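K.L.:
Below is one structure. I have some questions about it.
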Protein chains: 2
Amino acid sequence: MKKTLLLTAAAFLSFPAIAQSPNRAERLRDSALKGDEVAWDIVEGLTTEIGPRPAGTESEARAREWAVRRLKALGFANVHVETYDMPVWVRGEEKAEIIAPFPQKLAVTALGNSGATPAGGITAEVVAFDSLAELEAAPESEVRGRIVFVTHKMTATQDGSQYGYYGAVRRTGPSVASRKGAAGIVIRSIGTDYHRNPHTGVQIWGAGAIPIPAAALSVPDAEQLERVLKRGKPVTIRLLLTPRNLGTRQSGNVVAEVRGSDPDAGIVLVGGHLDSWDLGTGAIDNAAGVAITAAAAKRIMAAGRPRRTIRVVWFGAEEVGGNGGDAYREAHKSEKIVFVSESDFGADRVWRMDPGFAEANAALAGRIAAALYPLGIARSTAAASGGADLGDWVTAGVAAIDLQQDGTRYFDYHHTADDTLDKVDPEQLRQNVAAWTAMLSLVADAPEEIHPKRAAP
Amino acid sequence: MKKTLLLTAAAFLSFPAIAQSPNRAERLRDSALKGDEVAWDIVEGLTTEIGPRPAGTESEARAREWAVRRLKALGFANVHVETYDMPVWVRGEEKAEIIAPFPQKLAVTALGNSGATPAGGITAEVVAFDSLAELEAAPESEVRGRIVFVTHKMTATQDGSQYGYYGAVRRTGPSVASRKGAAGIVIRSIGTDYHRNPHTGVQIWGAGAIPIPAAALSVPDAEQLERVLKRGKPVTIRLLLTPRNLGTRQSGNVVAEVRGSDPDAGIVLVGGHLDSWDLGTGAIDNAAGVAITAAAAKRIMAAGRPRRTIRVVWFGAEEVGGNGGDAYREAHKSEKIVFVSESDFGADRVWRMDPGFAEANAALAGRIAAALYPLGIARSTAAASGGADLGDWVTAGVAAIDLQQDGTRYFDYHHTADDTLDKVDPEQLRQNVAAWTAMLSLVADAPEEIHPKRAAP
């Protein structure tokens, strides 16, 4: 990865036509690639001085205070917090063990909104399924009173596309198991690593599903359980989970702006999310995203006032359901937001641009693609969809770009205790800032009108 | 690693002089390289059906029963258990967190023989040292009543040699801290990975050191604590550890033999250790070692009775102080053991042979080296030293060979929850069996006398 990046940067620097007459976006891009430290400092500071930032908790509140201080210190305008209320679920104790036939502990973590077991845990026979479809097809009589185990075959891919497909095991497996009367459910982590660090993640109880204990085994533990099951003897496990619902608490979005010179040209809205899961320090998910977007905006601000206002939002409560993004859209949907873009897929290099412009803005899309090619970024024919926090704007027709990051190792760490600073490669982080800086510069300063991709539905 | 192995195997197979007139050791070696499944089945079975096997516990006892069944099923002679008594320490709860200035949890595990904290833990200011030497040089007044943190700079090396040097932080750091009146000690794990899986390991309280809580932080947590300390504010942590001493319990060694035809030629004694730390399933440490040695002995047995009896011992209680090895030597030191060799450094390929023969056996050493070169194994000028379980035999003058394994990734997993089956590469495991088979065949069938390397001291 590093080698590719160096080669493409070198290729760019030796390309005379560009090197001899760099425009503003290209100059800003190259400066970021060579020396950005703002993004690293945000990731390092947030993960060190706050650490885990679960939504609606005191630590997320401390993160907002930290964010306000840091964004003000960086010189942003209109730095403030916009709060909202939300239901809060917090993790408790979590233990699992095979009782029979081969007693041993299993590494486990509760999924978001998991029900609790009694204080002594639950002990039940395991009924295993190789896929969500198998669980869905199973008769209630096979499932009732048992602990369901669902495994799957997720593998690492550069575009992270397996998360959508296999992630259904986590998102809906617990509800399916609950409806069939399961005592609890454990899934193979939605992850691609071989470490004893289970992957948490949110799941929402569907219609007719009462909360039951729902947890993920680490990948090595899931494969261990598969091997134990293959011996053909009944397998009994004990599961102890003591999460709690705290009721309604306050969360919030942190907002900062680079003021533009032309209020009529509309606002460029970008960001990532400030909250994280509680297990790690949320370095790749998503200190990196808030850092990349703010660092790019800061570079544009430092180079002089852009035409359009750039608004950076560090959203709260993304992990547990996108409460921050929803609250933000509800409060601001009547504003003239002409473009949105979100960074929320780690800190590894951008490899693809998915444009989301109206035909009338084809020239702008072309200028952005041209500024990104030297960073090794391809232009795709896939349409930008935004992300968890800004996707609704895209659905509503607002122009957008997705700068797709390399996800090859993202699901090794995603939602685990292993999401820590050491997983962030400073060189790839700078490539992200360079790409974002070029893109934001061209969008914010575009002389033409930025049209909706399509009329709001 | 795999590529190297394949290349060297291919190089061997295309070497006509050897390929056309393979002797017995070479034939056995190549057959193991192509198809050994015995070693994998032992590693898979032991880690799946027993899992963690801490010394002196019920699970180590189950492992002995499993071992006896498996070794009998493989056709070994004289399969039996030799028991001994030993003091047993077991892990309890373990938690650590930064209380101030940046509250967050830390991933921690108790070191062997750690003292316990009160049920509510201990809370104290941290005093940090960059090395064991710094701690040793510190005045008592700096340490008394505080929680000592010692970090270090261990890195991965092929020969694992950094473990000896930096391992002193774990082996003697707790005693030094205790003598200076520390409330407790946390060290940076003696490991080379970046996962939130701290590395346990034994430490023995030295003279004048009373047991205090002693634990290891994972490497990411140790670096996090370093970053927090660098902010220059006083750092307070809470440490909760509730290990217990269970008193005297029974442990044991499992013994199996391939009977030789010439009782006067002496016994060849090989093995690894059956016990493991409690955090993982002890796949690389040391299911692999017992599997490799037994699989090699089994291949020789299957090819016909060797001249010398090969005795395979799966030692108990290696991790906590070598109690099994000590008991075995005490009970058998008057037997005619003419050669020893131990496998206890994971499951990655053998890359070096360290011989330990008398000058009179130079020809035998040469034949063994010749049989190992095609596996990519170098002959070194380092002297064999045995290992934790058989080193005393070597010290006493018995001939030996160390087949050194690649340790590049060994300390990523060593003594952590991550020591699980998925870390074993079947291809490299087979290369180990091939090397051991060739070596054992040549030693067991050597027509010449095998001399002590030197007279017993």
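Letters A, B, ... go to the chains of the structure tokens in the order shown; residues in each chain start at 1; ligands are counted from 1 in the same order.
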Select, as an NGL selection string, those residues of chain B with any atom no more than 7 Å from chain A (distances computed using only C-alpha atoms).

P.N.:
:B and (48-51 or 102 or 104 or 195-196 or 220 or 224 or 227-228 or 417-418 or 422)

K.L.:
Would you mind writing down, as a PyMOL selection string, each residue of region 203-393 of chain A that DSSP on the backbone assigns to strand (DSSP E)?

P.N.:
chain A and resi 214-217+236-241+244-258+267-273+309-315+337-342+350-356+378-379

K.L.:
Set the distance at 9 Å and use only C-alpha atoms: which residues neighbour region 443-446 of chain B once local chain neighbours fewer than 2 positions away are removed? I'd like the list as a VMD selection string.

P.N.:
chain B and resid 260 265 267 to 268 306 to 310 339 364 368 438 to 441 448 to 450

K.L.:
Those residues with all heavy atoms, as a tab-separated table (two decimals), in the first residue's frame please?

P.N.:
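As a result, result-v4.tsv now contains:
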```tsv
chain	number	residue	atom	x	y	z
B	260	GLY	N	13.57	-49.61	21.16
B	260	GLY	CA	14.72	-49.88	20.30
B	260	GLY	C	15.16	-51.33	20.40
B	260	GLY	O	14.74	-52.07	21.29
B	265	ALA	N	22.56	-49.34	23.74
B	265	ALA	CA	22.92	-48.14	22.95
B	265	ALA	C	22.41	-46.85	23.58
B	265	ALA	O	22.74	-45.75	23.12
B	265	ALA	CB	22.39	-48.27	21.53
B	267	ILE	N	19.25	-44.36	25.50
B	267	ILE	CA	17.90	-43.86	25.19
B	267	ILE	C	18.00	-42.46	24.60
B	267	ILE	O	18.80	-41.63	25.03
B	267	ILE	CB	17.04	-43.84	26.48
B	267	ILE	CG1	16.81	-45.28	26.97
B	267	ILE	CG2	15.73	-43.10	26.26
B	267	ILE	CD1	16.28	-45.36	28.39
B	268	VAL	N	17.15	-42.20	23.61
B	268	VAL	CA	17.01	-40.87	23.00
B	268	VAL	C	15.76	-40.24	23.62
B	268	VAL	O	14.66	-40.79	23.49
B	268	VAL	CB	16.87	-41.02	21.48
B	268	VAL	CG1	16.50	-39.69	20.84
B	268	VAL	CG2	18.16	-41.59	20.88
B	306	PRO	N	13.82	-48.98	15.63
B	306	PRO	CA	15.15	-48.33	15.55
B	306	PRO	C	16.14	-49.02	16.49
B	306	PRO	O	15.75	-49.86	17.30
B	306	PRO	CB	14.86	-46.91	16.03
B	306	PRO	CG	13.71	-47.07	16.98
B	306	PRO	CD	12.88	-48.23	16.47
B	307	ARG	N	17.40	-48.66	16.37
B	307	ARG	CA	18.40	-49.27	17.27
B	307	ARG	C	18.15	-48.83	18.72
B	307	ARG	O	18.10	-49.63	19.62
B	307	ARG	CB	19.81	-48.85	16.81
B	307	ARG	CG	20.89	-49.47	17.68
B	307	ARG	CD	22.30	-49.06	17.25
B	307	ARG	NE	23.26	-49.59	18.21
B	307	ARG	CZ	24.42	-49.03	18.51
B	307	ARG	NH1	24.80	-47.92	17.88
B	307	ARG	NH2	25.22	-49.57	19.40
B	308	ARG	N	18.01	-47.51	18.92
B	308	ARG	CA	17.84	-46.99	20.28
B	308	ARG	C	16.37	-46.72	20.59
B	308	ARG	O	15.61	-46.32	19.71
B	308	ARG	CB	18.60	-45.66	20.46
B	308	ARG	CG	20.09	-45.80	20.41
B	308	ARG	CD	20.81	-44.47	20.57
B	308	ARG	NE	22.25	-44.72	20.48
B	308	ARG	CZ	22.91	-44.87	19.33
B	308	ARG	NH1	22.27	-44.78	18.18
B	308	ARG	NH2	24.21	-45.12	19.34
B	309	THR	N	15.99	-46.91	21.82
B	309	THR	CA	14.66	-46.53	22.27
B	309	THR	C	14.52	-45.01	22.18
B	309	THR	O	15.41	-44.26	22.59
B	309	THR	CB	14.44	-46.98	23.72
B	309	THR	OG1	14.32	-48.42	23.73
B	309	THR	CG2	13.19	-46.35	24.33
B	310	ILE	N	13.42	-44.58	21.58
B	310	ILE	CA	13.08	-43.15	21.58
B	310	ILE	C	12.00	-42.94	22.63
B	310	ILE	O	10.93	-43.56	22.58
B	310	ILE	CB	12.56	-42.70	20.20
B	310	ILE	CG1	13.64	-42.92	19.13
B	310	ILE	CG2	12.14	-41.22	20.25
B	310	ILE	CD1	13.13	-42.70	17.70
B	339	PHE	N	21.05	-38.84	24.47
B	339	PHE	CA	20.76	-37.70	23.58
B	339	PHE	C	19.43	-37.10	24.00
B	339	PHE	O	18.48	-37.83	24.31
B	339	PHE	CB	20.68	-38.19	22.13
B	339	PHE	CG	20.28	-37.12	21.14
B	339	PHE	CD1	21.23	-36.29	20.56
B	339	PHE	CD2	18.94	-36.92	20.80
B	339	PHE	CE1	20.86	-35.30	19.65
B	339	PHE	CE2	18.57	-35.93	19.89
B	339	PHE	CZ	19.53	-35.12	19.32
B	364	LEU	N	28.40	-38.00	12.94
B	364	LEU	CA	26.95	-38.05	13.12
B	364	LEU	C	26.34	-36.66	12.94
B	364	LEU	O	25.33	-36.49	12.24
B	364	LEU	CB	26.62	-38.61	14.51
B	364	LEU	CG	25.14	-38.60	14.91
B	364	LEU	CD1	24.28	-39.39	13.92
B	364	LEU	CD2	24.97	-39.17	16.33
B	368	ILE	N	23.54	-35.52	10.09
B	368	ILE	CA	22.27	-34.85	10.41
B	368	ILE	C	22.17	-33.53	9.65
B	368	ILE	O	21.14	-33.22	9.05
B	368	ILE	CB	22.15	-34.64	11.94
B	368	ILE	CG1	22.08	-35.99	12.65
B	368	ILE	CG2	20.91	-33.78	12.26
B	368	ILE	CD1	22.23	-35.92	14.16
B	438	ALA	N	13.99	-36.75	10.34
B	438	ALA	CA	15.33	-37.02	9.81
B	438	ALA	C	16.35	-37.08	10.94
B	438	ALA	O	17.17	-38.00	11.03
B	438	ALA	CB	15.71	-35.94	8.80
B	439	MET	N	16.26	-36.10	11.82
B	439	MET	CA	17.23	-36.02	12.92
B	439	MET	C	17.10	-37.22	13.86
B	439	MET	O	18.08	-37.89	14.19
B	439	MET	CB	17.00	-34.69	13.66
B	439	MET	CG	17.96	-34.40	14.79
B	439	MET	SD	17.30	-34.94	16.39
B	439	MET	CE	16.22	-33.56	16.80
B	440	LEU	N	15.88	-37.54	14.24
B	440	LEU	CA	15.66	-38.65	15.19
B	440	LEU	C	16.05	-39.99	14.56
B	440	LEU	O	16.59	-40.87	15.25
B	440	LEU	CB	14.20	-38.72	15.61
B	440	LEU	CG	13.76	-37.90	16.80
B	440	LEU	CD1	12.33	-38.25	17.18
B	440	LEU	CD2	14.70	-38.14	18.00
B	441	SER	N	15.77	-40.13	13.29
B	441	SER	CA	16.13	-41.37	12.61
B	441	SER	C	17.64	-41.58	12.65
B	441	SER	O	18.13	-42.67	12.98
B	441	SER	CB	15.62	-41.33	11.17
B	441	SER	OG	16.13	-42.41	10.43
B	448	GLU	N	27.40	-45.85	15.55
B	448	GLU	CA	28.47	-45.53	16.51
B	448	GLU	C	27.88	-45.24	17.90
B	448	GLU	O	26.70	-44.97	18.03
B	448	GLU	CB	29.29	-44.33	16.01
B	448	GLU	CG	28.54	-43.00	15.93
B	448	GLU	CD	28.02	-42.71	14.52
B	448	GLU	OE1	27.23	-43.53	14.00
B	448	GLU	OE2	28.37	-41.64	13.96
B	449	GLU	N	28.73	-45.24	18.87
B	449	GLU	CA	28.32	-44.86	20.22
B	449	GLU	C	28.02	-43.35	20.23
B	449	GLU	O	28.71	-42.59	19.55
B	449	GLU	CB	29.45	-45.16	21.21
B	449	GLU	CG	29.03	-45.00	22.67
B	449	GLU	CD	30.20	-45.24	23.64
B	449	GLU	OE1	31.23	-45.81	23.20
B	449	GLU	OE2	30.09	-44.84	24.81
B	450	ILE	N	26.99	-42.94	20.98
B	450	ILE	CA	26.76	-41.50	21.16
B	450	ILE	C	27.37	-41.11	22.51
B	450	ILE	O	26.93	-41.57	23.57
B	450	ILE	CB	25.27	-41.14	21.09
B	450	ILE	CG1	24.71	-41.53	19.71
B	450	ILE	CG2	25.06	-39.64	21.36
B	450	ILE	CD1	23.24	-41.22	19.52
```

K.L.:
So which residues touch Thr236 (chain A) within 9 Å, counting only C-alpha atoms, skipping near sequence neighbours fewer than 4 positions away, as a PyMOL selection string?

P.N.:
chain A and resi 97-101+123-126+147

K.L.:
Report, in Å to a single decimal, how far apart CA of Ser175 (chain B) and CA of Trp205 (chain B) are.

P.N.:
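Interatomic distance, CA of Trp205 (chain B) to CA of Ser175 (chain B): 5.5 Å.
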
K.L.:
Go through A:Ala156, A:Met86, A:Ala137, A:Val258 and flag the residue nearest Asp326 (chain A), using only C-alpha atoms for the distances.

P.N.:
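When distances to Asp326 (chain A) are compared using only C-alpha atoms, the smallest one comes from A:Met86.
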
K.L.:
Extract the full set of helix (DSSP H, G or I) residues from region 287-359 of chain B according to DSSP on the backbone, and format it as a list in words.

P.N.:
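Restricting region 287-359 of chain B to helix (DSSP H, G or I) produces Ala287, Ala288, Gly289, Val290, Ala291, Ile292, Thr293, Ala294, Ala295, Ala296, Ala297, Lys298, Arg299, Ile300, Met301, Ala302, Asn323, Gly324, Gly325, Asp326, Ala327, Tyr328, Arg329, Glu330, Ala331, His332 and Glu359 of chain B.
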
K.L.:
When you count only C-alpha atoms, which of these residues is closest to His332 (chain A): A:Val254, A:Trp393, A:Val186, A:Thr157?

P.N.:
A:Trp393

K.L.:
Do you know which residues are at most 9 Å from region 134-136 of chain A counting only C-alpha atoms, after dropping those on the same chain fewer than 4 positions away, and could you put them as a PDB file with N, CA, C and O atoms, in the first residue's frame?

P.N.:
```
ATOM      1  N   ALA A 128     -26.732 -24.798  15.927  1.00  0.00           N
ATOM      2  CA  ALA A 128     -25.826 -24.056  15.038  1.00  0.00           C
ATOM      3  C   ALA A 128     -26.362 -23.952  13.623  1.00  0.00           C
ATOM      4  O   ALA A 128     -26.985 -24.896  13.113  1.00  0.00           O
ATOM      5  N   PHE A 129     -26.099 -22.811  13.008  1.00  0.00           N
ATOM      6  CA  PHE A 129     -26.513 -22.564  11.622  1.00  0.00           C
ATOM      7  C   PHE A 129     -25.345 -21.970  10.846  1.00  0.00           C
ATOM      8  O   PHE A 129     -24.634 -21.108  11.354  1.00  0.00           O
ATOM      9  N   ASP A 130     -25.199 -22.407   9.604  1.00  0.00           N
ATOM     10  CA  ASP A 130     -24.088 -21.946   8.780  1.00  0.00           C
ATOM     11  C   ASP A 130     -24.359 -20.611   8.106  1.00  0.00           C
ATOM     12  O   ASP A 130     -23.478 -20.055   7.450  1.00  0.00           O
ATOM     13  N   VAL A 143     -35.170 -24.351  17.658  1.00  0.00           N
ATOM     14  CA  VAL A 143     -34.531 -23.162  18.211  1.00  0.00           C
ATOM     15  C   VAL A 143     -34.982 -22.873  19.645  1.00  0.00           C
ATOM     16  O   VAL A 143     -34.203 -22.412  20.477  1.00  0.00           O
ATOM     17  N   VAL A 148     -28.713 -20.012  20.034  1.00  0.00           N
ATOM     18  CA  VAL A 148     -28.440 -20.090  18.596  1.00  0.00           C
ATOM     19  C   VAL A 148     -26.995 -19.657  18.335  1.00  0.00           C
ATOM     20  O   VAL A 148     -26.508 -18.690  18.927  1.00  0.00           O
ATOM     21  N   VAL A 150     -24.789 -18.646  14.935  1.00  0.00           N
ATOM     22  CA  VAL A 150     -24.791 -18.453  13.482  1.00  0.00           C
ATOM     23  C   VAL A 150     -23.388 -18.088  13.038  1.00  0.00           C
ATOM     24  O   VAL A 150     -22.792 -17.131  13.542  1.00  0.00           O
ATOM     25  N   GLY A 173     -30.028 -11.362  12.661  1.00  0.00           N
ATOM     26  CA  GLY A 173     -29.966 -12.677  13.306  1.00  0.00           C
ATOM     27  C   GLY A 173     -30.611 -12.696  14.692  1.00  0.00           C
ATOM     28  O   GLY A 173     -31.425 -13.582  14.989  1.00  0.00           O
ATOM     29  N   VAL A 176     -34.443 -12.683  14.451  1.00  0.00           N
ATOM     30  CA  VAL A 176     -34.969 -13.964  13.946  1.00  0.00           C
ATOM     31  C   VAL A 176     -34.918 -15.011  15.054  1.00  0.00           C
ATOM     32  O   VAL A 176     -35.890 -15.744  15.291  1.00  0.00           O
ATOM     33  N   ALA A 177     -33.798 -15.071  15.763  1.00  0.00           N
ATOM     34  CA  ALA A 177     -33.658 -16.050  16.849  1.00  0.00           C
ATOM     35  C   ALA A 177     -34.683 -15.790  17.941  1.00  0.00           C
ATOM     36  O   ALA A 177     -35.307 -16.717  18.478  1.00  0.00           O
TER      37      ALA A 177
END
```
